[in-house]
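Written out below as structure tokens is the structure these notes cover.
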Amino acid sequence: MTFQHPSFGQIADDRIIIFDTTLRDGEQSPGFSMNLEEKVRMAHALSALGVDVMEAGFPVASKDDFESVRRIADEVRGSVVCGLARSGGKRDIEACGDALKGAERPRIHNFISTSPLHMKYKLRMEPETVLDIIASGNQKARQFTDDVEWSAEDGSRTEPDFLCRCVEVAIRNGATTINIPDTVGFATPEEMRRIFAMLRERVPGADQVIFSTHNHNDLGLGVANTLAAVEGGARQIECTINGIGERAGNAALEEIVMALRTRHDQYGKVTGIDTPRLLGVSRMLATITGFDVQPNKAIVGRNAFAHESGIHQDGVLKNAATYEIMTPESVGWNKSSLVMGKHSGRAAFRDKLAQLGYAALPDEALNAAFARFKDLADSKKVVFDDDIRALVDDESRDHERIQLVSLELASGTKQKAHAKLEISVDGATQYAAISGNGPVDAAFRAIGEAFPHTAELALFSVANVTEGTDAQARTTVRLQENGKLVDGQGADADTVVSAVRAYLHALNKLLTKRERTEPEELV
Ligand code: KIV
Ligand code: ZN
């Protein structure tokens with residue numbers, strides 16, 4: 001079958017479209033919210049990775065979501081940029097259309113629930129009303145772009161005849177991609193395969209659209225369900241970097257892409273992903289969110305290519321294929337992670353950033369990061385890739401409302417810890433000087449004095465970015481306010497400075513979150 005897609009033209013039969021939703025579904029995971037600059041940075045990295053479509057956000061949800069979709073649409077080239085909208089939301093589709101105005105290839109993704117459970121309890125709507133909304137939502141979206149995706153939320157638990165009717169209505173009213181999500185991660189692989197085979201067989205016009213699969217990981221079946229859906233005829237895969245997403249997450253992009261590639265004999269499909277960039281993008285996301293992947297995570301976990309047992313090591317030395325089904329280099333693991341030192345110049349630093357996926361860093365941010373790199377290189381013999389990631393990430397927060405200006409600490413066995421802090425809040429300087437139960441406590445109390453707030457500290461953790469006593473500390477601070485959780489990250493060779501940066505990062509996120517529409521208003 002050949003098919004003329006509004007954004008991709010003719011798509012080869014064996015080509016799978018990778019739709020990344022790290023910035024939308026992924027960002028919905030508790031504590032994973034990203035600020036505008038972080039989202040834009042991720043978006044550039046995703047485009048360089050070769051994702052065909054990136055879902056940049058849910059524009060109607062908040063001013064911040066709108067702005068990040070708008071910035072990404074204006075700046076990012078290469079990938080289709082997509083915004084999410086409720087099919088029946090009052091302003092959703094217009095907000096998407098507005099936010100996507102600057103996109104090279106815009107897509108509007110509209111959705112409504114179709115399962116009996118969701119229609120009855122969540123939407124409180126009759127099936128006929130849902131069908132009307134599907135029709136009007138897709139027609140409205142087509143007024144803004146020819147590239148329209150429609151999703152049947154809770155599609156895998158939808159009654160099959162009704163699902164066929166919904167899909168038929170969506171196609172007749174202008175949808176060009178039909179997505180069937182396993183919203184609650186309940187389906188089995190065989191069920192997912194059958195749903196797509198059924199829709200392709202039964203729905204009139206099915207050969208004129210791309211079918212898409214979107215799987216949550218509640219039973220750990222996200223990737224298996226995705227691959228089964230491909231066997232049933234899905235041509236677009238929705239997934240996230242590191243598998244982040246609501247609850248147990250979404251199917252992981254890196255696992256799906258490498259499964260398709262490594263088992264081409266089985267699936268016969270290809271993607272446009274530049275696989276050696278996978279590790280870099282995974283690390284970038286972990287640095288931004290402060291959530292590392294577990295060591296045994298497939299493809300990007302630090303043990304994914306580590307061979308511990310003597311028998312395995314011996315086999316790999318004789319022939320790597322004995323215990324390695326793909327090469328570490330094919331997903332971005334280098335034999336040596338090139339180190340930088342105090343003699344490395346600006347050009348080498350810029351090259352290094354490009355290698356790490358930070359090619360689109362504005363000059364100002366690059367200069368500031370370079371200055372901090374030089375400071376770090378003076379105090380630390382070798383600077384590793386992870387040091388640079390942590391540092392760039394930290395430095396690119398200079399547009400945030402609350403900024404650290406200076407911190408002085410006195411502590412030790414002979415005196416009570418004391419912190420003197422200077423921060424700027426919307427450009428105005430605030431000072432505080434206070435004692436505490438140790439330097440971190442004193443510094444956090446000083447933040448509370450300089451910027452009074454009601455958020456409570458819910459988590460505080462410190463890890464070292466690399467090995468050695470001169471390593472940078474990477475701190476995560478989780479704050480909680482009225483049921484809202486945010487995580488902030490900070491990095492610095494000084495552990496308390498890194499903690500203060502993390503606290504301020506979290507506070508800044510909280511300020512943004514306060515402006516967000518409550519989820520219950522977004523059913
Ligand atoms: O899981 C889901 O159903 C979704 C839809 C909005 C596509 O994320
Ligand atoms: Zn989802």
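Residue numbering restarts at 1 in every chain; chains get A, B, ... in the order shown in the structure tokens, and ligands count up from 1 in that same order.
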
8 Å contact set for Asn110 of chain A, only C-alpha atoms, chain neighbours under 4 positions out, as a count of residues only: 12

Test item: residues no farther than 9 Å from ligand 1, counting only C-alpha atoms and all ligand atoms, as an NGL selection string: :A and (21 or 24-25 or 84-86 or 109-113 or 150-155 or 179-185 or 214-216 or 238 or 245-246 or 250)

Alpha helix (DSSP H) call set, DSSP backbone run, segment 164-217 of chain A, as JSON, numbers by chain: {"A": [164, 165, 166, 167, 168, 169, 170, 171, 172, 189, 190, 191, 192, 193, 194, 195, 196, 197, 198, 199, 200, 201, 202]}

Two-atom distance - atom CA of Arg445 of chain A, atom CA of Glu395 of chain A (Å):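 That distance, rounded to one decimal, is 23.5 Å.
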
Test item, strand (DSSP E or B) assignment across segment 186-428 of chain A, answer as JSON, numbers by chain: {"A": [210, 211, 212, 213, 214, 215, 216, 236, 237, 238, 239, 240, 250, 252, 270, 340, 383, 402, 403, 404, 405, 406, 407, 408, 409, 410, 417, 418, 419, 420, 421, 422, 423, 424, 425, 428]}

Polymer residues at most 12 Å from Ala442 of chain A, only C-alpha atoms, same-chain spacing of 5 or more positions, as a VMD selection string: chain A and resid 407 to 411 416 to 421 432 to 437 447 to 449 496 to 497 499 to 500

Go ahead and dump the residues you just picked, N, CA, C and O atoms, as a short mmCIF file (atom, residue, chain, number, x, y, z; two decimals), in the first residue's frame.
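To be explicit, this is the file written out as again33.cif:
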```
data_model
loop_
_atom_site.label_atom_id
_atom_site.label_comp_id
_atom_site.auth_asym_id
_atom_site.auth_seq_id
_atom_site.Cartn_x
_atom_site.Cartn_y
_atom_site.Cartn_z
N LEU A 407 26.05 33.02 47.98
CA LEU A 407 25.81 32.25 49.21
C LEU A 407 27.12 32.18 49.99
O LEU A 407 28.17 31.84 49.44
N GLU A 408 27.05 32.55 51.26
CA GLU A 408 28.23 32.39 52.13
C GLU A 408 27.83 31.50 53.29
O GLU A 408 26.74 31.68 53.86
N LEU A 409 28.72 30.60 53.66
CA LEU A 409 28.38 29.65 54.72
C LEU A 409 29.48 29.60 55.76
O LEU A 409 30.66 29.68 55.41
N ALA A 410 29.07 29.44 57.01
CA ALA A 410 30.05 29.15 58.06
C ALA A 410 29.51 27.94 58.80
O ALA A 410 28.32 27.87 59.12
N SER A 411 30.36 26.96 59.00
CA SER A 411 29.89 25.77 59.74
C SER A 411 31.11 25.04 60.30
O SER A 411 32.24 25.47 60.11
N LYS A 416 27.63 27.05 65.23
CA LYS A 416 26.36 26.65 64.61
C LYS A 416 26.41 27.12 63.15
O LYS A 416 26.94 28.19 62.85
N ALA A 417 25.89 26.28 62.27
CA ALA A 417 25.95 26.64 60.84
C ALA A 417 25.17 27.92 60.60
O ALA A 417 24.10 28.15 61.18
N HIS A 418 25.73 28.76 59.73
CA HIS A 418 25.11 30.05 59.45
C HIS A 418 25.19 30.30 57.94
O HIS A 418 26.22 30.04 57.32
N ALA A 419 24.10 30.78 57.36
CA ALA A 419 24.10 31.05 55.91
C ALA A 419 23.74 32.50 55.66
O ALA A 419 22.85 33.05 56.29
N LYS A 420 24.45 33.12 54.71
CA LYS A 420 24.10 34.47 54.24
C LYS A 420 23.78 34.30 52.77
O LYS A 420 24.62 33.86 51.98
N LEU A 421 22.55 34.64 52.43
CA LEU A 421 22.09 34.35 51.06
C LEU A 421 21.62 35.62 50.38
O LEU A 421 20.99 36.49 51.00
N ALA A 432 19.08 37.34 53.15
CA ALA A 432 18.70 36.70 54.41
C ALA A 432 19.96 36.17 55.06
O ALA A 432 20.89 35.73 54.37
N ALA A 433 20.00 36.22 56.38
CA ALA A 433 21.13 35.65 57.11
C ALA A 433 20.53 34.91 58.29
O ALA A 433 19.77 35.49 59.07
N ILE A 434 20.82 33.63 58.42
CA ILE A 434 20.13 32.83 59.43
C ILE A 434 20.96 31.60 59.79
O ILE A 434 21.75 31.11 58.96
N SER A 435 20.74 31.09 61.01
CA SER A 435 21.45 29.88 61.42
C SER A 435 20.56 28.66 61.19
O SER A 435 19.33 28.80 61.05
N GLY A 436 21.16 27.52 61.22
CA GLY A 436 20.38 26.29 61.01
C GLY A 436 21.08 25.09 61.58
O GLY A 436 22.23 25.18 62.06
N ASN A 437 20.41 23.96 61.47
CA ASN A 437 20.95 22.72 61.99
C ASN A 437 21.83 22.08 60.91
O ASN A 437 21.43 21.13 60.26
N ILE A 447 16.51 30.70 52.32
CA ILE A 447 15.63 30.84 51.14
C ILE A 447 14.23 31.21 51.62
O ILE A 447 13.58 32.09 51.07
N GLY A 448 13.78 30.52 52.69
CA GLY A 448 12.44 30.79 53.23
C GLY A 448 12.29 32.22 53.74
O GLY A 448 11.23 32.82 53.65
N GLU A 449 13.38 32.77 54.27
CA GLU A 449 13.36 34.18 54.74
C GLU A 449 13.33 35.14 53.55
O GLU A 449 12.58 36.12 53.53
N VAL A 496 26.50 22.39 49.08
CA VAL A 496 25.41 23.24 49.57
C VAL A 496 24.94 24.18 48.46
O VAL A 496 23.74 24.43 48.31
N VAL A 497 25.87 24.69 47.66
CA VAL A 497 25.45 25.54 46.54
C VAL A 497 24.57 24.72 45.60
O VAL A 497 23.52 25.19 45.12
N ALA A 499 22.67 22.29 46.41
CA ALA A 499 21.37 22.10 47.07
C ALA A 499 20.51 23.37 46.94
O ALA A 499 19.30 23.29 46.69
N VAL A 500 21.14 24.52 47.10
CA VAL A 500 20.40 25.78 46.99
C VAL A 500 19.90 25.97 45.56
O VAL A 500 18.75 26.36 45.31
#
```

A:Ala248, A:Asn296, A:Thr512, A:Gln208 ranked by distance to ligand 2, top pick (using only C-alpha atoms and all ligand atoms):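 Smallest separation from ligand 2 among the options: A:Ala248.
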
Residue neighbourhood segment 280-283 of chain A, 8 Å, only C-alpha atoms, exclusion window fewer than 2 positions, as a list in words: Met42, Ala45, Leu46, Leu49, Ile241, Asn242, Arg277, Leu278, Leu285, Ala286, Thr287, Asp292, Val300, Gly332, Leu356 and Gly357 of chain A

Counting only C-alpha atoms and all ligand atoms, the option among A:Gly249, A:Gly468, A:Gly427, A:Gly272 closest to ligand 2: A:Gly249

Residue neighbourhood segment 51-65 of chain A, 8 Å, only C-alpha atoms, exclusion window fewer than 3 positions, as a ChimeraX atom specification: /A:17-24,36,43,46-48,68-69,72,78-85,91-92,95-96,99,272-273,512,515-517,522

Proximity to Arg478 of chain A - best of A:Ala187, A:Val169, A:Pro439, A:Phe32, only C-alpha atoms: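 Under the stated criterion, the closest residue is A:Phe32.
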
Which residue of A:Val383, A:Ile171, A:Ile244, A:Leu123 approaches ligand 2 most closely, using only C-alpha atoms and all ligand atoms: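 Smallest separation from ligand 2 among the options: A:Ile244.
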
Among the residues A:Thr213, A:Thr262, A:Gln415, A:Gln294, the one that comes closest to Val331 of chain A [using only C-alpha atoms]: A:Thr262

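Restricting the calculation to only C-alpha atoms, the smallest distance between Glu37 of chain A and any of A:Glu329, A:Asp14, A:Glu75, A:Asp387 is found for A:Glu75.
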
Pairwise distance for atom CA of Ala252 of chain A and atom CA of Cys239 of chain A, rounded to one decimal in Å: 5.6 Å

Distance query Val167 of chain A at most 9 Å, only C-alpha atoms, self and fewer than 3 positions along chain excluded, as a count of residues only: 15
